[in-house]
Structures are given as C-alpha cells and as structure tokens.
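Structure file structure-v2.txt; described as compact mmCIF, C-alpha atoms.
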# COMPACT_ATOMS: atom_id res chain seq x y z
CA MET A 1 0.00 0.00 0.00
CA LEU A 2 2.88 2.36 0.73
CA PRO A 3 5.50 2.85 -2.01
CA ALA A 4 8.64 0.69 -1.64
CA GLY A 5 10.87 3.74 -1.07
CA VAL A 6 8.69 4.92 1.79
CA THR A 7 8.68 1.47 3.38
CA ARG A 8 12.45 1.27 3.11
CA LEU A 9 12.90 4.71 4.69
CA ILE A 10 10.56 3.78 7.56
CA ARG A 11 12.64 0.64 8.16
CA GLU A 12 15.89 2.62 8.10
CA LEU A 13 14.54 5.23 10.54
CA THR A 14 13.33 2.63 13.05
CA ARG A 15 16.98 1.63 13.57
CA LEU A 16 17.56 4.96 15.31
CA PRO A 17 17.21 4.92 19.12
CA GLY A 18 13.74 5.90 20.33
CA VAL A 19 12.13 5.61 16.90
CA GLY A 20 9.37 3.02 16.49
CA PRO A 21 7.40 2.29 13.29
CA ARG A 22 4.76 4.93 14.18
CA THR A 23 7.27 7.71 14.80
CA ALA A 24 9.18 6.74 11.64
CA GLN A 25 5.97 6.90 9.59
CA ARG A 26 5.18 10.34 11.01
CA MET A 27 8.69 11.54 10.10
CA VAL A 28 8.41 10.23 6.54
CA PHE A 29 5.02 11.82 5.89
CA PHE A 30 6.35 15.04 7.36
CA LEU A 31 9.30 15.02 4.94
CA LEU A 32 7.11 14.09 1.96
CA ALA A 33 4.89 17.11 2.68
CA ARG A 34 7.89 19.49 2.57
CA PRO A 35 10.12 20.61 -0.32
CA PRO A 36 12.61 17.96 -1.55
CA ALA A 37 15.44 20.39 -0.63
CA ASP A 38 14.71 19.83 3.08
CA THR A 39 15.23 16.08 2.73
CA ARG A 40 18.38 16.55 0.64
CA SER A 41 19.78 18.91 3.25
CA LEU A 42 19.12 16.35 6.01
CA ALA A 43 20.71 13.57 3.95
CA GLU A 44 23.78 15.72 3.29
CA ALA A 45 24.13 16.64 6.96
CA LEU A 46 23.99 12.92 7.82
CA VAL A 47 26.74 11.91 5.40
CA GLN A 48 28.95 14.89 6.21
CA ALA A 49 28.69 14.51 9.98
CA ARG A 50 29.48 10.81 9.73
CA GLU A 51 32.38 11.16 7.31
CA ARG A 52 34.07 14.26 8.69
CA THR A 53 33.82 13.41 12.37
CA CYS A 54 36.61 11.35 13.89
CA GLU A 55 37.99 10.66 17.34
CA CYS A 56 40.66 13.02 18.70
CA SER A 57 43.91 11.07 19.03
CA VAL A 58 44.52 12.68 22.44
CA CYS A 59 41.19 12.79 24.32
CA CYS A 60 39.11 10.41 22.14
CA GLY A 61 36.42 13.13 21.91
CA LEU A 62 34.60 13.85 18.64
CA THR A 63 36.29 16.28 16.30
CA GLU A 64 36.72 17.24 12.64
CA GLY A 65 40.41 18.19 13.01
CA ASP A 66 42.96 16.20 15.00
CA PRO A 67 43.79 17.05 17.81
CA CYS A 68 40.45 18.59 18.78
CA SER A 69 39.94 22.26 19.63
CA LEU A 70 39.94 21.57 23.38
CA CYS A 71 43.18 19.53 23.30
CA SER A 72 44.96 22.14 21.18
CA ASP A 73 43.79 25.16 23.23
CA PRO A 74 46.89 26.48 25.09
CA ARG A 75 44.68 28.32 27.61
CA ARG A 76 43.36 25.01 28.99
CA ASP A 77 45.27 23.40 31.85
CA PRO A 78 46.84 20.09 30.72
CA GLY A 79 47.43 19.17 34.38
CA SER A 80 43.77 18.37 35.01
CA ILE A 81 41.91 15.70 33.03
CA CYS A 82 38.14 15.20 33.35
CA VAL A 83 37.14 11.65 32.36
CA VAL A 84 33.60 11.25 30.98
CA GLU A 85 31.63 8.37 29.46
CA HIS A 86 30.23 10.02 26.34
CA PRO A 87 30.93 12.99 24.02
CA ALA A 88 27.67 14.61 25.18
CA ASP A 89 29.06 14.70 28.74
CA VAL A 90 31.81 17.07 27.58
CA VAL A 91 29.08 19.49 26.50
CA ALA A 92 27.41 19.17 29.93
CA VAL A 93 30.63 19.85 31.87
CA GLU A 94 31.60 22.76 29.59
CA ARG A 95 28.19 24.33 30.19
CA THR A 96 29.00 24.70 33.92
CA ARG A 97 32.10 26.88 33.15
CA GLU A 98 33.61 25.27 36.29
CA PHE A 99 36.35 23.34 34.54
CA ASN A 100 39.30 24.65 32.58
CA GLY A 101 41.32 21.48 32.04
CA ARG A 102 41.32 18.81 29.34
CA TYR A 103 38.93 15.91 28.77
CA HIS A 104 39.10 12.19 28.17
CA VAL A 105 36.12 10.45 26.58
CA LEU A 106 35.81 6.74 27.39
CA HIS A 107 32.97 6.01 24.91
CA GLY A 108 31.20 3.81 27.43
CA ALA A 109 31.52 2.38 30.91
CA ILE A 110 32.58 -1.02 32.23
CA SER A 111 29.47 -3.22 32.27
CA PRO A 112 30.12 -6.96 32.62
CA LEU A 113 26.38 -7.68 32.14
CA ASP A 114 26.51 -6.07 28.68
CA GLY A 115 29.84 -7.70 27.93
CA ILE A 116 31.73 -4.39 28.07
CA GLY A 117 35.10 -4.86 29.75
CA PRO A 118 37.95 -2.39 30.46
CA GLU A 119 39.52 -3.12 27.07
CA ASP A 120 36.31 -2.05 25.25
CA ILE A 121 36.50 1.57 26.41
CA ARG A 122 39.32 4.14 25.92
CA LEU A 123 41.18 3.27 29.16
CA ALA A 124 44.55 2.37 27.59
CA GLN A 125 44.64 5.83 26.00
CA LEU A 126 43.94 7.45 29.39
CA LEU A 127 46.69 5.46 31.08
CA ARG A 128 49.12 6.43 28.31
CA ARG A 129 48.24 10.12 28.70
CA VAL A 130 48.81 10.00 32.47
CA LYS A 131 52.09 8.09 32.08
CA GLU A 132 53.37 10.70 29.62
CA GLY A 133 53.40 13.05 32.63
CA GLY A 134 52.25 16.65 33.16
CA CYS A 135 48.99 15.56 34.78
CA ARG A 136 48.27 16.36 38.45
CA GLU A 137 44.60 15.44 38.78
CA VAL A 138 42.12 13.10 37.11
CA ILE A 139 38.46 13.93 37.79
CA VAL A 140 36.43 10.80 37.06
CA ALA A 141 33.06 12.25 36.00
CA THR A 142 31.47 8.97 34.87
CA ASN A 143 27.75 8.63 35.64
CA PRO A 144 26.70 7.95 39.26
CA SER A 145 25.24 4.61 38.08
CA VAL A 146 26.47 1.09 38.84
CA GLU A 147 28.50 1.02 35.60
CA GLY A 148 29.87 4.51 36.12
CA GLU A 149 30.90 3.77 39.73
CA THR A 150 32.54 0.50 38.68
CA THR A 151 34.48 2.34 35.99
CA ALA A 152 35.53 5.05 38.47
CA MET A 153 36.81 2.44 40.96
CA TYR A 154 38.68 0.69 38.16
CA ILE A 155 40.33 3.96 37.04
CA ALA A 156 41.30 4.81 40.64
CA ARG A 157 43.05 1.43 41.00
CA LEU A 158 44.62 1.74 37.54
CA LEU A 159 46.12 5.17 38.29
CA LYS A 160 47.25 4.45 41.88
CA PRO A 161 50.90 3.72 40.88
CA SER A 162 51.16 6.96 38.90
CA GLU A 163 50.56 9.16 41.98
CA VAL A 164 48.14 11.57 40.28
CA GLN A 165 45.23 12.69 42.44
CA VAL A 166 42.03 10.87 41.39
CA THR A 167 38.79 12.63 42.38
CA ARG A 168 35.10 12.17 41.70
CA PRO A 169 32.35 14.85 41.54
CA ALA A 170 30.21 14.93 44.71
CA SER A 171 27.12 12.73 44.78
CA GLY A 172 24.12 14.13 46.67
CA LEU A 173 20.82 15.96 46.40
CA PRO A 174 20.34 17.71 43.05
CA ALA A 175 19.81 21.49 43.24
CA GLY A 176 16.18 22.56 43.54
CA SER A 177 15.02 19.04 44.46
CA ASP A 178 12.81 17.96 47.34
CA LEU A 179 14.35 16.02 50.26
CA GLU A 180 11.05 14.18 50.73
CA TYR A 181 11.20 12.67 47.26
CA ALA A 182 14.92 11.89 47.18
CA ASP A 183 15.63 8.18 46.76
CA GLN A 184 17.38 6.26 49.56
CA VAL A 185 20.76 5.93 47.86
CA THR A 186 20.93 9.62 46.93
CA LEU A 187 19.97 10.71 50.44
CA SER A 188 22.47 8.39 52.15
CA ARG A 189 25.22 9.61 49.85
CA ALA A 190 24.25 13.22 50.58
CA LEU A 191 24.44 12.54 54.35
CA GLN A 192 27.76 10.70 54.06
CA GLY A 193 29.18 13.56 52.03
CA ARG A 194 27.89 16.32 54.38
CA LYS A 195 29.98 19.46 54.63
CA GLU A 196 30.36 22.15 57.28
CA ILE A 197 28.61 25.41 56.35
CA MET B 198 32.70 21.67 21.86
CA LEU B 199 30.92 19.45 19.34
CA PRO B 200 32.21 19.42 15.75
CA ALA B 201 30.35 21.75 13.35
CA GLY B 202 29.03 18.81 11.29
CA VAL B 203 27.53 17.20 14.37
CA THR B 204 25.89 20.46 15.46
CA ARG B 205 24.45 20.93 11.98
CA LEU B 206 23.05 17.39 11.91
CA ILE B 207 21.48 17.86 15.35
CA ARG B 208 19.82 21.06 14.10
CA GLU B 209 18.55 19.28 10.95
CA LEU B 210 17.14 16.37 12.95
CA THR B 211 15.27 18.61 15.41
CA ARG B 212 13.11 19.77 12.49
CA LEU B 213 11.50 16.32 12.38
CA PRO B 214 8.27 15.94 14.35
CA GLY B 215 8.79 14.63 17.89
CA VAL B 216 12.56 15.15 17.84
CA GLY B 217 14.00 17.58 20.41
CA PRO B 218 17.68 18.51 20.86
CA ARG B 219 18.24 15.63 23.33
CA THR B 220 16.74 12.99 21.04
CA ALA B 221 18.64 14.40 18.08
CA GLN B 222 21.92 14.25 20.02
CA ARG B 223 21.23 10.63 20.97
CA MET B 224 20.54 9.76 17.33
CA VAL B 225 23.75 11.41 16.15
CA PHE B 226 25.95 9.68 18.74
CA PHE B 227 24.27 6.42 17.84
CA LEU B 228 25.10 6.89 14.15
CA LEU B 229 28.68 7.97 14.91
CA ALA B 230 29.22 4.77 16.87
CA ARG B 231 28.12 2.62 13.91
CA PRO B 232 29.76 1.95 10.54
CA PRO B 233 29.59 4.85 8.04
CA ALA B 234 27.67 2.53 5.66
CA ASP B 235 24.64 2.66 8.01
CA THR B 236 24.48 6.45 7.79
CA ARG B 237 24.97 6.40 4.01
CA SER B 238 22.17 3.87 3.65
CA LEU B 239 19.84 6.11 5.71
CA ALA B 240 20.79 9.18 3.67
CA GLU B 241 20.17 7.30 0.40
CA ALA B 242 16.79 6.04 1.64
CA LEU B 243 15.82 9.62 2.51
CA VAL B 244 16.71 11.05 -0.90
CA GLN B 245 15.20 8.13 -2.83
CA ALA B 246 11.92 8.13 -0.88
CA ARG B 247 11.55 11.88 -1.33
CA GLU B 248 12.44 11.94 -5.00
CA ARG B 249 10.67 8.81 -6.22
CA THR B 250 7.44 9.25 -4.30
CA CYS B 251 4.70 11.31 -5.88
CA GLU B 252 0.96 11.72 -5.54
CA CYS B 253 -1.28 9.39 -7.53
CA SER B 254 -3.16 11.50 -10.09
CA VAL B 255 -6.36 9.57 -9.32
CA CYS B 256 -6.53 9.07 -5.54
CA CYS B 257 -3.81 11.52 -4.38
CA GLY B 258 -2.23 8.69 -2.37
CA LEU B 259 1.53 8.20 -2.27
CA THR B 260 3.01 6.14 -5.06
CA GLU B 261 6.14 5.61 -7.14
CA GLY B 262 4.23 4.84 -10.37
CA ASP B 263 1.18 6.74 -11.56
CA PRO B 264 -1.62 5.69 -11.15
CA CYS B 265 -0.89 3.84 -7.90
CA SER B 266 -1.16 0.08 -7.46
CA LEU B 267 -4.56 0.38 -5.72
CA CYS B 268 -6.06 2.60 -8.43
CA SER B 269 -4.79 0.33 -11.22
CA ASP B 270 -5.88 -2.95 -9.57
CA PRO B 271 -8.84 -4.27 -11.66
CA ARG B 272 -9.97 -6.49 -8.76
CA ARG B 273 -10.82 -3.44 -6.65
CA ASP B 274 -14.34 -2.01 -6.91
CA PRO B 275 -14.28 1.48 -8.48
CA GLY B 276 -17.85 2.04 -7.29
CA SER B 277 -16.81 2.56 -3.68
CA ILE B 278 -14.41 5.31 -2.62
CA CYS B 279 -13.05 5.53 0.92
CA VAL B 280 -11.96 9.08 1.74
CA VAL B 281 -9.18 9.42 4.34
CA GLU B 282 -7.14 12.31 5.72
CA HIS B 283 -3.61 10.91 5.43
CA PRO B 284 -1.68 8.25 3.45
CA ALA B 285 -1.14 6.32 6.71
CA ASP B 286 -4.93 5.94 7.05
CA VAL B 287 -4.97 3.87 3.83
CA VAL B 288 -2.61 1.41 5.56
CA ALA B 289 -4.93 1.27 8.59
CA VAL B 290 -8.07 0.59 6.50
CA GLU B 291 -6.27 -1.98 4.32
CA ARG B 292 -5.16 -3.83 7.47
CA THR B 293 -8.82 -4.53 8.37
CA ARG B 294 -9.39 -6.43 5.05
CA GLU B 295 -12.95 -5.06 5.22
CA PHE B 296 -12.77 -2.80 2.22
CA ASN B 297 -12.25 -3.69 -1.43
CA GLY B 298 -12.87 -0.38 -3.14
CA ARG B 299 -10.65 2.57 -4.03
CA TYR B 300 -9.28 5.37 -1.86
CA HIS B 301 -9.07 9.12 -1.90
CA VAL B 302 -6.45 10.82 0.25
CA LEU B 303 -7.26 14.41 1.25
CA HIS B 304 -3.84 15.22 2.77
CA GLY B 305 -5.42 17.01 5.70
CA ALA B 306 -8.77 18.09 7.07
CA ILE B 307 -10.64 21.39 7.08
CA SER B 308 -9.44 23.37 10.08
CA PRO B 309 -10.28 27.10 10.05
CA LEU B 310 -8.22 27.64 13.23
CA ASP B 311 -5.09 26.39 11.43
CA GLY B 312 -6.01 28.30 8.28
CA ILE B 313 -6.78 25.11 6.34
CA GLY B 314 -9.80 25.63 4.09
CA PRO B 315 -11.57 23.28 1.63
CA GLU B 316 -9.26 24.45 -1.18
CA ASP B 317 -6.14 23.37 0.77
CA ILE B 318 -7.03 19.67 0.72
CA ARG B 319 -7.70 17.37 -2.24
CA LEU B 320 -11.47 17.99 -2.42
CA ALA B 321 -11.61 19.27 -5.99
CA GLN B 322 -10.01 15.99 -7.14
CA LEU B 323 -12.62 14.00 -5.20
CA LEU B 324 -15.49 15.98 -6.70
CA ARG B 325 -14.04 15.44 -10.17
CA ARG B 326 -13.76 11.68 -9.60
CA VAL B 327 -17.36 11.44 -8.44
CA LYS B 328 -18.60 13.58 -11.33
CA GLU B 329 -16.81 11.32 -13.82
CA GLY B 330 -19.33 8.66 -12.75
CA GLY B 331 -19.09 4.98 -11.86
CA CYS B 332 -19.15 5.69 -8.15
CA ARG B 333 -22.05 4.46 -5.96
CA GLU B 334 -20.76 5.12 -2.46
CA VAL B 335 -18.32 7.46 -0.75
CA ILE B 336 -17.22 6.33 2.74
CA VAL B 337 -15.89 9.39 4.55
CA ALA B 338 -13.33 7.86 6.93
CA THR B 339 -11.86 11.13 8.19
CA ASN B 340 -10.88 11.15 11.89
CA PRO B 341 -13.67 11.39 14.48
CA SER B 342 -12.20 14.73 15.60
CA VAL B 343 -13.65 18.24 15.22
CA GLU B 344 -11.68 18.77 11.99
CA GLY B 345 -12.53 15.32 10.63
CA GLU B 346 -16.24 15.74 11.37
CA THR B 347 -16.26 19.21 9.80
CA THR B 348 -14.62 17.79 6.68
CA ALA B 349 -17.12 14.90 6.56
CA MET B 350 -20.07 17.31 6.79
CA TYR B 351 -18.53 19.45 4.05
CA ILE B 352 -18.07 16.44 1.77
CA ALA B 353 -21.64 15.28 2.39
CA ARG B 354 -22.96 18.71 1.32
CA LEU B 355 -20.56 18.83 -1.63
CA LEU B 356 -21.70 15.46 -2.99
CA LYS B 357 -25.42 15.86 -2.33
CA PRO B 358 -26.24 16.92 -5.95
CA SER B 359 -24.38 13.92 -7.38
CA GLU B 360 -26.72 11.36 -5.74
CA VAL B 361 -23.97 9.00 -4.56
CA GLN B 362 -24.48 7.50 -1.13
CA VAL B 363 -22.25 9.22 1.44
CA THR B 364 -21.56 7.19 4.61
CA ARG B 365 -19.32 7.50 7.64
CA PRO B 366 -17.80 4.65 9.74
CA ALA B 367 -19.66 4.12 13.04
CA SER B 368 -18.48 6.08 16.04
CA GLY B 369 -18.72 4.33 19.42
CA LEU B 370 -16.90 2.35 22.07
CA PRO B 371 -13.57 0.91 20.85
CA ALA B 372 -13.27 -2.89 21.01
CA GLY B 373 -11.83 -4.19 24.28
CA SER B 374 -12.37 -0.87 26.06
CA ASP B 375 -14.02 -0.21 29.41
CA LEU B 376 -17.41 1.52 29.51
CA GLU B 377 -16.50 3.10 32.85
CA TYR B 378 -13.57 4.96 31.33
CA ALA B 379 -15.21 5.96 28.05
CA ASP B 380 -15.40 9.72 27.59
CA GLN B 381 -18.80 11.46 27.47
CA VAL B 382 -18.81 12.16 23.74
CA THR B 383 -17.81 8.59 22.81
CA LEU B 384 -20.45 7.08 25.10
CA SER B 385 -23.24 9.37 23.86
CA ARG B 386 -22.35 8.57 20.27
CA ALA B 387 -22.31 4.84 21.12
CA LEU B 388 -25.81 5.15 22.65
CA GLN B 389 -27.17 7.22 19.74
CA GLY B 390 -25.84 4.63 17.32
CA ARG B 391 -27.13 1.58 19.24
CA LYS B 392 -28.11 -1.45 17.17
CA GLU B 393 -30.46 -4.38 17.72
CA ILE B 394 -28.61 -7.60 18.58
Please express the file's structure as structure tokens.
Amino acid sequence: MLPAGVTRLIRELTRLPGVGPRTAQRMVFFLLARPPADTRSLAEALVQARERTCECSVCCGLTEGDPCSLCSDPRRDPGSICVVEHPADVVAVERTREFNGRYHVLHGAISPLDGIGPEDIRLAQLLRRVKEGGCREVIVATNPSVEGETTAMYIARLLKPSEVQVTRPASGLPAGSDLEYADQVTLSRALQGRKEI
Amino acid sequence: MLPAGVTRLIRELTRLPGVGPRTAQRMVFFLLARPPADTRSLAEALVQARERTCECSVCCGLTEGDPCSLCSDPRRDPGSICVVEHPADVVAVERTREFNGRYHVLHGAISPLDGIGPEDIRLAQLLRRVKEGGCREVIVATNPSVEGETTAMYIARLLKPSEVQVTRPASGLPAGSDLEYADQVTLSRALQGRKEI
C-alpha cells in the first residue's frame, strides 16, 4: 500500500534509538509534505557529519580536526583531566564553566552484564596520557550509576601507581530538588558527604 | 565543543516531528558509533523516498508509479471510494481487510483555526472523480475529531447533488475498552448509534 521507497525509509529510521514504526511513519510523511530540498539537506548533513567526524587522538572526543579544539587550546590546563563516558558529557561539563582542564572520553563504561570490559573503552589511552606526565589530577566524571561507579573504581586502581590525584564529583541531592522525594541511595550519599557550612 | 558537522546534523534532525535537541543528540551519537555505511544507507533512503514518491493522479495517495497500485488494480471495486485524511490511514483501512474499493487521500482536514480551508485539501479531485461517474458510495473515513467531522459534513454537502451514497464509519466504544472509562462524547455517540442484537 505504501511505495517501496517509503517502506524502506521507515525501516531505516526505526533503527535509530527511540524511533518506532509509528514515529518513523510520522517523520516520513512530514518530509514528503515538505520541499525535496529539506530532505536533501538532512541527507547531506547525515553523510557529512558521519564522514568528517573522527575521534581526537589525544582525548578520544569527537572532532573534525585532530587534535580537537579543546586539546589544542593552550589556555586550557593540561594538568587536570576530566574523564567522561560520552561525548555529550563534555558538553554538559563545559556548560557549567567550572572546569578549565582537558577531557578524556571513554565512549562507554565497564558493564560486565553487557559484555563491556575495560579493554572495550578508551582506558589504555587514558593510562598512556597519564604516564606521559604533566597531569596532576584526574576527575572521574562517569555517571553515578552502577556502571559509572565501577568504571571510576577501576580507574582509581589503575592510576594508583602513577601518583596523580584521582577525584570524583560529589554525589548528593540535586539542586532545587525535594528532600522528601529523594531516593534512599541519593539521600544516604548526601548525608555521608555532608559538609560544614 | 561538538564538531560543526555534528551540530548541523542535530539542528537538521530537530526539524522532524517529535525530535527535540536531546533525542537528536542521541541519534547522532548512535550513528557515529556505527559503521559509516549505516548512515549512508539512511541518507540514500531519505533522498530516494523523497524523489521517487509522488501523488497518484487519481486518488492523491503516495506512489512511485502513476496511477498507484490500488487505483490500477482491476480487482478493486471502483464504485466505492473511501476518503481518508492521510496516506497512513490507507494502511490502517487496508489492514482490516474489510474494504475492497478505491481510496481518496485528502492530505489534511478542514481546520479554520489552522487556516486550512476546503481548497487546501484534495477535495476538488474527489469531486471530479465522483462527477466522472461509476461511483455508488463514498465512505468518509476522516478522523472522528472536530476537523474530521467538519470535513465529513462538508463532503456530504458537496456530494449531495451527485446522488452518490455518502456514509461514515460508526463512532462508538472501541473494542476491548471499558465503559467506565469511556469519555462522554464517545459514550453518547455509542448510545445514539445503538443497534439491535
């Protein structure tokens, strides 16, 4: 009933995360109702983004030129490395304007249940960077989830011989939240991490 | 912080219905983690679907060849035309296997609040088809919404002089639903349309 091209596009779109057959169909009909130039522009952006983007040879972040703009910025402190799970986390940390060091993107977290071990994420590259010297502190900003905590513990053990300081962002009550609705784990961490005011 | 190509692709994707900046970012990182061939295949499917798909000159449905496979199928009854709002509705009606006639796709419904008048949907084409003769019944399967009902009333008035029978699918309680939770309008329509058993 639907043309073959439309069916194929729906199938291709459902591979994307969070897109089911219904959403894909809505997207296709939306594109078909607009000028062909819109669809061409989207297709071009897809191919260009995929082909021009590579991993920075230093921090493993996403970049079009190697090394990336953050790694080649002389104003950023090379003595402090913030380790994150995903490229999007770099954007989140940068938004705070709290950090002026360099990054290291792991592209995942250790998760034995999903078959992701230490060798599947960019840990060897991190170790190499630290061993090369010039680094005082590694801030392990992996997610406060089971996988993220496991990865943080692993990194702490891995870097122990190198004598750099390994820290982790505080875990506690999120700003603007309600103590009453905080989950048990968050509240116990907040209490354990209490600070004098 | 993110490469220009990635930012551009995120912006392009957020134009799609139901895709916000977060979802778009997730899609992009998903594609970047997969082989470039996957992205190329998606881009090709986009361009092909948009360029090969056109409107059937008879029913205004989506097709790659004109007239479409439904309009050119001699086994389908040309005496019965089912009018729907969108191409996806054809798929829904076909799935029931209840209908063996032809379709007419309006590509919208009359909605004065959105500035969509009778001339903005494919009503002239419907009128022309009916006037050409050979049609006994027009089933107006527009949505049971304000816009769909308005459109159905408009079509009924439009086709009155032509003496074809104009019907509308029954409105009532959906199968498997709970009477207790039925909304007022649905339940009153179900009562008004009650049938002897």
Enter the distance from CA of Gln192 in chain A to CA of Cys135 in chain A, in Å, rounded to one decimal.
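The value is 29.1 Å.
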Surrounding residues of Arg391 in chain B excluding itself and chain neighbours under 6 positions, 12 Å, only C-alpha atoms, as a PyMOL selection string
chain B and resi 367-370+384-385
Distance of CA of Arg299 in chain B from CA of Gln362 in chain B, expressed in Å to one decimal place
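Pair CA of Gln362 in chain B / CA of Arg299 in chain B returns 15.0 Å.
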Select residues of chain B: the criterion is any atom within 9 Å of an atom of chain A, counting only C-alpha atoms; output as a PyMOL selection string.
chain B and resi 198-207+209-210+213-215+220+222-230+232-233+235-251+258-262+265-267+283-285+287-288+291+304
Padding 4 Å on every side, please: axis-aligned box over the listed atoms of range 170-186 of chain A, centre and edge lengths to one decimal in Å, as lines of an AutoDock Vina configuration file.
center_x = 20.6
center_y = 14.2
center_z = 46.9
size_x = 27.2
size_y = 24.6
size_z = 15.7
Work out how far apart CA of Tyr351 in chain B and CA of Gly330 in chain B are and give it in Å to one decimal.
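So the answer is 20.0 Å.
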All residues 12 Å or closer to Asn100 in chain A, only C-alpha atoms, same chain fewer than 6 positions away omitted, as a ChimeraX atom specification:
/A:70-71,73-82,90,93-94,139
